[in-house]
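Asks: Here it is, the structure in full.
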Amino acid sequence: MADEGVINLSGKAILVTGGARGIGAEMSGLFARLGARVFIADIDGIAANIRAEEIGGGAIGVACDISDKEAVDALADTVKNETGVIDALVNNAAYVNVETDRDLLTTDPEVWDQTMAVNLRGTMLVSRAILPLIIEGGGGGVVTIVSRQGIAPPLSGNRVSYGISKAGLIMLARHMAVAYGKQGIRSNAIAPGTIETERMQTELTPERRERSRANVLTPYLGKPCDVANITAFLLSDAGRYITGQTIQVDGGVLVGLHE
């Protein structure tokens, strides 16, 4: 699956939200190496442009706050003006407040509202704006990046807003698969576990890293390439018969019972 000679994205135009850093940046780079033209949408427009220049292949960076409908409509116009239609969408942009998104009784409703505005409403807005362009082009793939916390909440009860927003996105991905499958849309969700992005590496204390390593079934934690590889597969013709699924890229952390 990681063999770039097997998965072919040549000639495809792909939009990645939150594509300037972390997992999104890794996906953007891989897609370009596999032959795709990549549109990188990110709330940090400067970072989006820098990443687009890094990966080349005619990539375009666009500043976009996905919680802002006007910004999303402008993003769709940019894509349409550049390519007419688009082949695939990766809903990767997300918001999480690690300091104040705690359990149900202590999380400020404003944190809840902000998390839902970006993760759930924002992803809905982008999907709503881009799906017609994919359908017009004859169909293609949509991958929505969710989280294992959208499947099973942490025992601490923290990140209630984030987890519930990601659970909602799993259903959104399924809805798109059911509603638009006959129009050529293949929609799947990917639920990563602990992935060692640059940000995560700075946040993980040695104790938390060791606990994460103990909980997975593999001898290592995940890297951004692990998410990028499966995303590329799903968007390629090799994944043409896979839709409506939530694929856990988490080292098997939810398989075993942690005693």
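Following the order of the structure tokens, chains are lettered A, B, ..., residues in each are numbered from 1, and ligands are numbered from 1.
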For Ile230 in chain A, work out the shell of residues within 10 Å, counting only C-alpha atoms and skipping chain neighbours fewer than 4 positions away, then give it as a list of chain:residue names.
Replies: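 Residues near the query, excluding close chain neighbours: A:Met1, A:Ala2, A:Met27, A:Val143, A:Ile190, A:Cys225, A:Asp226, A:Leu234, A:Leu235, A:Ser236, A:Gly239, A:Ile247, A:Val249.
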Asks: Any idea what's packed within 9 Å of Asp103 in chain A, counting only C-alpha atoms, ignoring anything in its chain fewer than 5 positions away? Could you give it as a PyMOL selection string?
Replies: chain A and resi 156-161
Asks: Include C-alpha atoms and write out the residues we just selected as a PDB file, in the first residue's frame.
Replies:
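Writing the result to result01.pdb gives the following:
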ATOM      1  CA  SER A 156     -10.623  10.499  31.337  1.00  0.00           C
ATOM      2  CA  GLY A 157     -13.816  11.841  29.772  1.00  0.00           C
ATOM      3  CA  ASN A 158     -11.840  14.713  28.263  1.00  0.00           C
ATOM      4  CA  ARG A 159     -12.289  16.260  24.806  1.00  0.00           C
ATOM      5  CA  VAL A 160     -16.034  15.727  24.878  1.00  0.00           C
ATOM      6  CA  SER A 161     -16.608  18.354  22.166  1.00  0.00           C
TER       7      SER A 161
END
Asks: Among range 55-110 of chain A, which residues does DSSP mark as strand (DSSP E) when it is run on the backbone? Keep the chain and numbering as in the structure and answer as a list in words.
Replies: Ile60, Gly61, Val62, Ala63, Ala88, Leu89, Val90 and Asn91 of chain A
Asks: If you run DSSP over the backbone, which residues in range 1-184 of chain A end up alpha helix (DSSP H)? Put them as a PyMOL selection string.
Replies: chain A and resi 22-33+45-55+69-83+109-115+123-136+160-180
Asks: Check the smallest atom-to-atom distance from each of A:Glu203, A:Gly139, A:Ile164, A:Asn215 to Tyr180 in chain A using only C-alpha atoms, then report the winner.
Replies: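 Residue with the minimum atom-to-atom distance to Tyr180 in chain A: A:Gly139.
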Asks: Taking into account only C-alpha atoms, which residue in the set A:Asp73, A:Glu198, A:Asp250, A:Asp237 is nearest to Val126 in chain A?
Replies: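 Once distances to Val126 in chain A are computed over only C-alpha atoms, the minimum belongs to A:Asp73.
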Asks: When you count only C-alpha atoms, which of these residues is closest to Met124 in chain A: A:Ile66, A:Leu105, A:Ala167, A:Ile14?
Replies: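 For Met124 in chain A, the nearest of the given residues is A:Ile66.
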Asks: Counting only C-alpha atoms, which residue out of A:Met176, A:Leu120, A:Ala76, A:Ala25 sits closest to Ala48 in chain A?
Replies: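 Of A:Met176, A:Leu120, A:Ala76, A:Ala25, the one nearest Ala48 in chain A, counting only C-alpha atoms, is A:Ala25.
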Asks: Compare A:Asn8, A:Asn188, A:Asn49, A:Gln201 by their minimum atom-to-atom distance to Leu30 in chain A, counting only C-alpha atoms, and give me the closest one.
Replies: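 Ranked by minimum distance to Leu30 in chain A, first place goes to A:Asn8.
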Asks: Return the single residue from A:Leu221, A:Ile134, A:Val216, A:Ala41 that is closest to Met200 in chain A, with distances computed using only C-alpha atoms.
Replies: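 Smallest distance to Met200 in chain A is found for A:Leu221.
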Asks: Set out as a Markdown table a contact list for range 37-85 of chain A and range 92-101 of chain A with a cut-off of 12 Å, giving each residue of range 37-85 of chain A that qualifies its closest atom pair and distance in Å to one decimal, counting only C-alpha atoms, ordered by chain and rising residue number.
Replies:
| residue | atom | partner | partner_atom | distance |
| --- | --- | --- | --- | --- |
| A:Ile40 | CA | A:Ala93 | CA | 10.5 |
| A:Ala41 | CA | A:Ala93 | CA | 8.5 |
| A:Asp42 | CA | A:Ala93 | CA | 7.4 |
| A:Ile43 | CA | A:Ala93 | CA | 8.7 |
| A:Asp44 | CA | A:Ala93 | CA | 11.2 |
| A:Cys64 | CA | A:Ala93 | CA | 10.0 |
| A:Asp65 | CA | A:Ala93 | CA | 9.1 |
| A:Ile66 | CA | A:Ala93 | CA | 7.8 |
| A:Ser67 | CA | A:Ala94 | CA | 10.0 |
Asks: Using only C-alpha atoms, which protein or nucleic acid residues come within 10 Å of Gln183 in chain A? Drop anything in the same chain fewer than 2 positions from it, and give the result as a list in words.
Replies: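 Contacts, in chain order: Pro132, Ile134, Ile135, Glu136, Gly138, Gly139, Gly140, Ala177, Ala179, Tyr180, Gly181, Ile185 and Arg186 of chain A.
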Asks: What does the distance between CA of Ser212 in chain A and CA of Thr246 in chain A come to in Å, to one decimal place?
Replies: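 Calculated distance between CA of Ser212 in chain A and CA of Thr246 in chain A is 21.6 Å.
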